[in-house]
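S.K.: My structure is below; once you've seen it, I'll send some questions.
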Amino acid sequence: MTPDLNILLIALYVEIDDHLISGGRPVCGQPRKLSDAERVCLAVAQVLLGARSEHHWLRICYGRLRHLFPYLPKQPGCRKRLKATTLLLAAAIDQLARQCPSWYDLVRMSDATPVPCGASRETVRRSELAGWAHYGYCAAHSRWYWGLKLYLVTTPDGMPVAWCLADPKIGEREAAAELLAHAARTGALRPGLILIGDKGFAGREFEDLVTTGSR
């Protein structure tokens with residue numbers, strides 16, 4: 001797997017550096033030890049290698065990836081750098097999605113799923129998500145949960161082309177309409193595409209809501 005991972009990360013780095021990193025103005029002061037493209041590559045590798053924790057991930061980095069990265073972060077700065085990469089990582093996913101054959105498929109699929117973020121009152125009280133995540137009801141499993149709800153628009157083979165996390169207190173139709181309107185503005189939903197979704201999204205009222213939001 002190591003040679004294949006090396007090729008994947010190198011190709012990903014080149015793609016991001018060539019198409020997503022703007023030249024911009026020169027940065028004053030000491031240059032960054034870890035570039036934006038390198039941060040995205042490390043985030044992708046962390047998922048592919050199945051790291052269980054930050055400590056486990058850093059052990060993998062120093063054991064298997066040191067030859068690819070001149071500098072690797074220490075544990076105190078690992079989470080901070082990952083959070084700083086969020087927008088660029090989303091842009092990289094979108095850039096790669098548009099190069100896949102299924103992007104040109106005439107069908108899109110939309111669905112939502114709960115994302116539980118805590119199972120105890122202590123977690124709910126102390127979590128950094130407090131005030132953003134809330135309690136919601138999962139009809140598929142007939143249970144309440146504390147967390148967020150993930151909304152996805154994908155191609156038929158499951159490749160995500162648009163997504164968002166929303167407060168579960170927000171109605172599904174309203175959250176889905178906002179996501180679909182965003183997908184239309186960014187080109188993930190093009191005129192003439194067929195959208196397949198849950199029966200809860202059926203109806204002229206929802207169609208008008210989506211159409212109005214995409215303008």
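Labeling convention for the structure tokens: chains A, B, ... as they appear, residues from 1 per chain, ligands from 1 in order of appearance.
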Env of Pro101 in chain A: 12 Å cut, atoms = only C-alpha atoms, seq-sep filter 6 positions within chain, self excluded. Answer as a ChimeraX atom specification.

M.R.: /A:155-157,159

S.K.: Any chance you could export the current selection's C-alpha atoms as an mmCIF file, in the first residue's frame?

M.R.:
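Resulting contents of selection-v5.cif:
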data_model
loop_
_atom_site.group_PDB
_atom_site.id
_atom_site.type_symbol
_atom_site.label_atom_id
_atom_site.label_comp_id
_atom_site.auth_asym_id
_atom_site.auth_seq_id
_atom_site.Cartn_x
_atom_site.Cartn_y
_atom_site.Cartn_z
ATOM 1 C CA THR A 155 -24.010 11.064 -7.776
ATOM 2 C CA PRO A 156 -25.615 7.594 -8.218
ATOM 3 C CA ASP A 157 -22.319 5.890 -7.288
ATOM 4 C CA MET A 159 -19.720 10.498 -4.735
#

S.K.: Would you mind listing what lies within 12 Å of Pro168 in chain A as a PyMOL selection string, with only C-alpha atoms counted and same-chain residues fewer than 4 positions away left out?

M.R.: chain A and resi 112-117+132-138+144-151+164+172-176

S.K.: Output the selection as a short mmCIF file (atom, residue, chain, number, x, y, z; two decimals), in the first residue's frame - C-alpha atoms for each residue.

M.R.:
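Final output, selection.cif:
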data_model
loop_
_atom_site.label_atom_id
_atom_site.label_comp_id
_atom_site.auth_asym_id
_atom_site.auth_seq_id
_atom_site.Cartn_x
_atom_site.Cartn_y
_atom_site.Cartn_z
CA ALA A 112 -29.95 13.18 5.28
CA THR A 113 -28.60 11.20 8.23
CA PRO A 114 -28.10 11.95 11.95
CA VAL A 115 -24.58 12.59 13.25
CA PRO A 116 -24.60 11.84 17.01
CA CYS A 117 -21.91 13.88 18.79
CA TRP A 132 -24.62 24.51 17.81
CA ALA A 133 -25.59 20.86 18.13
CA HIS A 134 -28.98 20.02 19.66
CA TYR A 135 -31.29 17.08 20.30
CA GLY A 136 -33.07 15.58 17.32
CA TYR A 137 -35.17 12.52 16.58
CA CYS A 138 -33.99 9.74 14.25
CA TRP A 144 -33.36 10.68 20.15
CA TYR A 145 -29.77 11.80 19.75
CA TRP A 146 -27.64 14.87 20.50
CA GLY A 147 -25.62 16.18 17.59
CA LEU A 148 -26.12 17.45 14.07
CA LYS A 149 -27.70 16.26 10.85
CA LEU A 150 -25.69 15.66 7.68
CA TYR A 151 -27.34 16.52 4.36
CA CYS A 164 -23.78 20.51 4.93
CA GLU A 172 -35.51 18.81 6.85
CA ARG A 173 -37.22 20.55 3.96
CA GLU A 174 -35.76 23.95 4.89
CA ALA A 175 -32.22 22.60 5.39
CA ALA A 176 -32.37 20.50 2.21
#

S.K.: Neighbouring residues of range 60-76 of chain A were defined as those with any atom within 10 Å, considering only C-alpha atoms; residues of the same chain fewer than 5 positions away were excluded. Please report them as a ChimeraX atom specification.

M.R.: /A:2,5-6,9-10,32-35,38-39,41-42,45-46,49-51,54-55,81

S.K.: Mind checking which residues fall within 9 Å of Leu179 in chain A, counting only C-alpha atoms, ignoring those fewer than 6 positions away in the same chain, and posting them as number ranges by chain?

M.R.: A: 151-153, 162-164, 210

S.K.: Pull N, CA and C atoms from the residues just selected and write them as a PDB file, in the first residue's frame.

M.R.:
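Saved to part15.pdb:
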ATOM      1  N   TYR A 151     -26.573  16.540   5.606  1.00  0.00           N
ATOM      2  CA  TYR A 151     -27.344  16.519   4.364  1.00  0.00           C
ATOM      3  C   TYR A 151     -26.368  16.359   3.206  1.00  0.00           C
ATOM      4  N   LEU A 152     -26.706  15.461   2.281  1.00  0.00           N
ATOM      5  CA  LEU A 152     -25.813  15.150   1.170  1.00  0.00           C
ATOM      6  C   LEU A 152     -26.541  15.209  -0.163  1.00  0.00           C
ATOM      7  N   VAL A 153     -25.820  15.668  -1.177  1.00  0.00           N
ATOM      8  CA  VAL A 153     -26.229  15.497  -2.571  1.00  0.00           C
ATOM      9  C   VAL A 153     -25.105  14.711  -3.228  1.00  0.00           C
ATOM     10  N   ALA A 162     -22.239  17.890  -2.896  1.00  0.00           N
ATOM     11  CA  ALA A 162     -22.613  19.007  -2.028  1.00  0.00           C
ATOM     12  C   ALA A 162     -23.048  18.423  -0.693  1.00  0.00           C
ATOM     13  N   TRP A 163     -22.746  19.149   0.387  1.00  0.00           N
ATOM     14  CA  TRP A 163     -23.093  18.635   1.714  1.00  0.00           C
ATOM     15  C   TRP A 163     -23.125  19.780   2.706  1.00  0.00           C
ATOM     16  N   CYS A 164     -23.789  19.533   3.847  1.00  0.00           N
ATOM     17  CA  CYS A 164     -23.782  20.509   4.927  1.00  0.00           C
ATOM     18  C   CYS A 164     -24.181  19.816   6.217  1.00  0.00           C
ATOM     19  N   VAL A 210     -36.913  25.336  -3.608  1.00  0.00           N
ATOM     20  CA  VAL A 210     -35.571  25.104  -4.134  1.00  0.00           C
ATOM     21  C   VAL A 210     -35.292  26.036  -5.304  1.00  0.00           C
TER      22      VAL A 210
END

S.K.: Enter the distance from CA of Gln95 in chain A to CA of Leu12 in chain A, in Å, rounded to one decimal.

M.R.: 10.7 Å

S.K.: Name the residues of range 48-195 of chain A that come out as strand (DSSP E) in a backbone DSSP run; write them as a PyMOL selection string.

M.R.: chain A and resi 107-118+134-138+143-154+160-166+194-195

S.K.: Residues as selected, N, CA and C atoms, written as a short mmCIF file (atom, residue, chain, number, x, y, z; two decimals), in the first residue's frame, can you do that?

M.R.:
data_model
loop_
_atom_site.label_atom_id
_atom_site.label_comp_id
_atom_site.auth_asym_id
_atom_site.auth_seq_id
_atom_site.Cartn_x
_atom_site.Cartn_y
_atom_site.Cartn_z
N VAL A 107 -28.16 12.22 -13.13
CA VAL A 107 -28.96 11.97 -11.93
C VAL A 107 -28.18 12.42 -10.70
N ARG A 108 -28.87 13.05 -9.75
CA ARG A 108 -28.33 13.37 -8.43
C ARG A 108 -29.26 12.77 -7.37
N MET A 109 -28.69 12.39 -6.23
CA MET A 109 -29.47 11.82 -5.13
C MET A 109 -29.25 12.67 -3.89
N SER A 110 -30.33 12.83 -3.10
CA SER A 110 -30.26 13.66 -1.90
C SER A 110 -30.83 12.90 -0.70
N ASP A 111 -30.15 13.00 0.43
CA ASP A 111 -30.62 12.33 1.65
C ASP A 111 -29.99 13.00 2.86
N ALA A 112 -30.47 12.63 4.03
CA ALA A 112 -29.95 13.18 5.28
C ALA A 112 -29.80 12.06 6.29
N THR A 113 -28.83 12.22 7.20
CA THR A 113 -28.60 11.20 8.23
C THR A 113 -28.14 11.88 9.52
N PRO A 114 -28.54 11.36 10.69
CA PRO A 114 -28.10 11.95 11.95
C PRO A 114 -26.61 11.75 12.17
N VAL A 115 -25.98 12.70 12.85
CA VAL A 115 -24.58 12.59 13.25
C VAL A 115 -24.52 12.78 14.77
N PRO A 116 -24.68 11.71 15.54
CA PRO A 116 -24.60 11.84 17.01
C PRO A 116 -23.22 12.33 17.43
N CYS A 117 -23.18 13.29 18.35
CA CYS A 117 -21.91 13.88 18.79
C CYS A 117 -21.65 13.70 20.28
N GLY A 118 -22.58 13.12 21.00
CA GLY A 118 -22.40 12.90 22.43
C GLY A 118 -23.49 12.01 22.98
N HIS A 134 -27.81 20.12 18.79
CA HIS A 134 -28.98 20.02 19.66
C HIS A 134 -29.55 18.60 19.58
N TYR A 135 -30.63 18.38 20.33
CA TYR A 135 -31.29 17.08 20.30
C TYR A 135 -32.20 17.01 19.07
N GLY A 136 -32.20 15.83 18.46
CA GLY A 136 -33.07 15.58 17.32
C GLY A 136 -33.57 14.15 17.37
N TYR A 137 -34.58 13.86 16.58
CA TYR A 137 -35.17 12.52 16.58
C TYR A 137 -34.82 11.80 15.29
N CYS A 138 -34.31 10.57 15.41
CA CYS A 138 -33.99 9.74 14.25
C CYS A 138 -35.13 8.74 14.05
N ARG A 143 -35.19 6.80 17.86
CA ARG A 143 -34.49 7.24 19.07
C ARG A 143 -34.08 8.71 18.94
N TRP A 144 -33.86 9.31 20.11
CA TRP A 144 -33.36 10.68 20.15
C TRP A 144 -31.84 10.66 20.21
N TYR A 145 -31.22 11.69 19.71
CA TYR A 145 -29.77 11.80 19.75
C TYR A 145 -29.39 13.27 19.92
N TRP A 146 -28.16 13.51 20.39
CA TRP A 146 -27.64 14.87 20.50
C TRP A 146 -26.52 15.04 19.49
N GLY A 147 -26.65 16.00 18.62
CA GLY A 147 -25.62 16.18 17.59
C GLY A 147 -26.11 17.07 16.47
N LEU A 148 -25.78 16.69 15.26
CA LEU A 148 -26.12 17.45 14.07
C LEU A 148 -26.76 16.52 13.04
N LYS A 149 -27.16 17.08 11.93
CA LYS A 149 -27.70 16.26 10.85
C LYS A 149 -26.92 16.58 9.57
N LEU A 150 -26.46 15.52 8.92
CA LEU A 150 -25.69 15.66 7.68
C LEU A 150 -26.62 15.54 6.49
N TYR A 151 -26.57 16.54 5.61
CA TYR A 151 -27.34 16.52 4.36
C TYR A 151 -26.37 16.36 3.21
N LEU A 152 -26.71 15.46 2.28
CA LEU A 152 -25.81 15.15 1.17
C LEU A 152 -26.54 15.21 -0.16
N VAL A 153 -25.82 15.67 -1.18
CA VAL A 153 -26.23 15.50 -2.57
C VAL A 153 -25.11 14.71 -3.23
N THR A 154 -25.43 13.57 -3.83
CA THR A 154 -24.40 12.70 -4.39
C THR A 154 -24.76 12.28 -5.82
N PRO A 160 -20.00 12.39 -3.17
CA PRO A 160 -20.64 13.63 -2.71
C PRO A 160 -20.28 14.82 -3.59
N VAL A 161 -21.28 15.60 -3.94
CA VAL A 161 -21.04 16.81 -4.73
C VAL A 161 -21.46 18.06 -3.97
N ALA A 162 -22.24 17.89 -2.90
CA ALA A 162 -22.61 19.01 -2.03
C ALA A 162 -23.05 18.42 -0.69
N TRP A 163 -22.75 19.15 0.39
CA TRP A 163 -23.09 18.63 1.71
C TRP A 163 -23.12 19.78 2.71
N CYS A 164 -23.79 19.53 3.85
CA CYS A 164 -23.78 20.51 4.93
C CYS A 164 -24.18 19.82 6.22
N LEU A 165 -23.79 20.41 7.34
CA LEU A 165 -24.22 19.97 8.66
C LEU A 165 -25.20 21.00 9.20
N ALA A 166 -26.32 20.53 9.74
CA ALA A 166 -27.35 21.46 10.20
C ALA A 166 -27.85 21.05 11.58
N ILE A 194 -31.84 15.11 -13.01
CA ILE A 194 -32.93 14.48 -12.27
C ILE A 194 -32.47 14.32 -10.83
N LEU A 195 -33.26 14.82 -9.87
CA LEU A 195 -32.93 14.73 -8.46
C LEU A 195 -33.84 13.69 -7.80
#

S.K.: Determine which residues of range 125-213 of chain A DSSP labels as helix (DSSP H, G or I) from the backbone of this structure, then write them out as a VMD selection string.

M.R.: chain A and resid 125 to 126 172 to 186 199 to 201 204 to 213

S.K.: Write a file of the selected residues as a compact mmCIF listing (two decimals), in the first residue's frame, keeping C-alpha atoms.

M.R.:
# COMPACT_ATOMS: atom_id res chain seq x y z
CA ARG A 125 -22.54 20.38 28.67
CA ARG A 126 -18.78 20.49 28.06
CA GLU A 172 -35.51 18.81 6.85
CA ARG A 173 -37.22 20.55 3.96
CA GLU A 174 -35.76 23.95 4.89
CA ALA A 175 -32.22 22.60 5.39
CA ALA A 176 -32.37 20.50 2.21
CA ALA A 177 -33.72 23.45 0.22
CA GLU A 178 -30.77 25.62 1.34
CA LEU A 179 -28.29 22.89 0.37
CA LEU A 180 -29.90 22.29 -3.02
CA ALA A 181 -29.98 26.02 -3.73
CA HIS A 182 -26.27 26.19 -2.88
CA ALA A 183 -25.60 23.17 -5.11
CA ALA A 184 -27.42 24.91 -7.97
CA ARG A 185 -25.38 28.08 -7.53
CA THR A 186 -22.07 26.16 -7.58
CA LYS A 199 -40.64 11.19 -0.27
CA GLY A 200 -40.66 13.87 2.44
CA PHE A 201 -39.17 16.26 -0.12
CA ARG A 204 -44.70 21.54 -5.71
CA GLU A 205 -44.11 23.67 -2.59
CA PHE A 206 -40.66 22.14 -2.02
CA GLU A 207 -39.79 22.40 -5.71
CA ASP A 208 -40.71 26.10 -5.68
CA LEU A 209 -38.65 26.61 -2.51
CA VAL A 210 -35.57 25.10 -4.13
CA THR A 211 -36.06 27.00 -7.39
CA THR A 212 -36.51 30.34 -5.57
CA GLY A 213 -33.42 29.76 -3.41

S.K.: Mind pulling up the distance from CA of Leu189 in chain A to CA of Asp36 in chain A?

M.R.: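 Those two atoms sit 28.5 Å apart.
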
S.K.: Point out the residue among A:Ala84, A:Cys100, A:Leu106, A:Val40 with the least atom-to-atom distance to Ile196 in chain A, counting only C-alpha atoms.

M.R.: A:Leu106

S.K.: In Å, with one decimal, what is the gap from CA of His56 in chain A to CA of Thr85 in chain A?

M.R.: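 Between CA of His56 in chain A and CA of Thr85 in chain A the gap works out to 19.9 Å.
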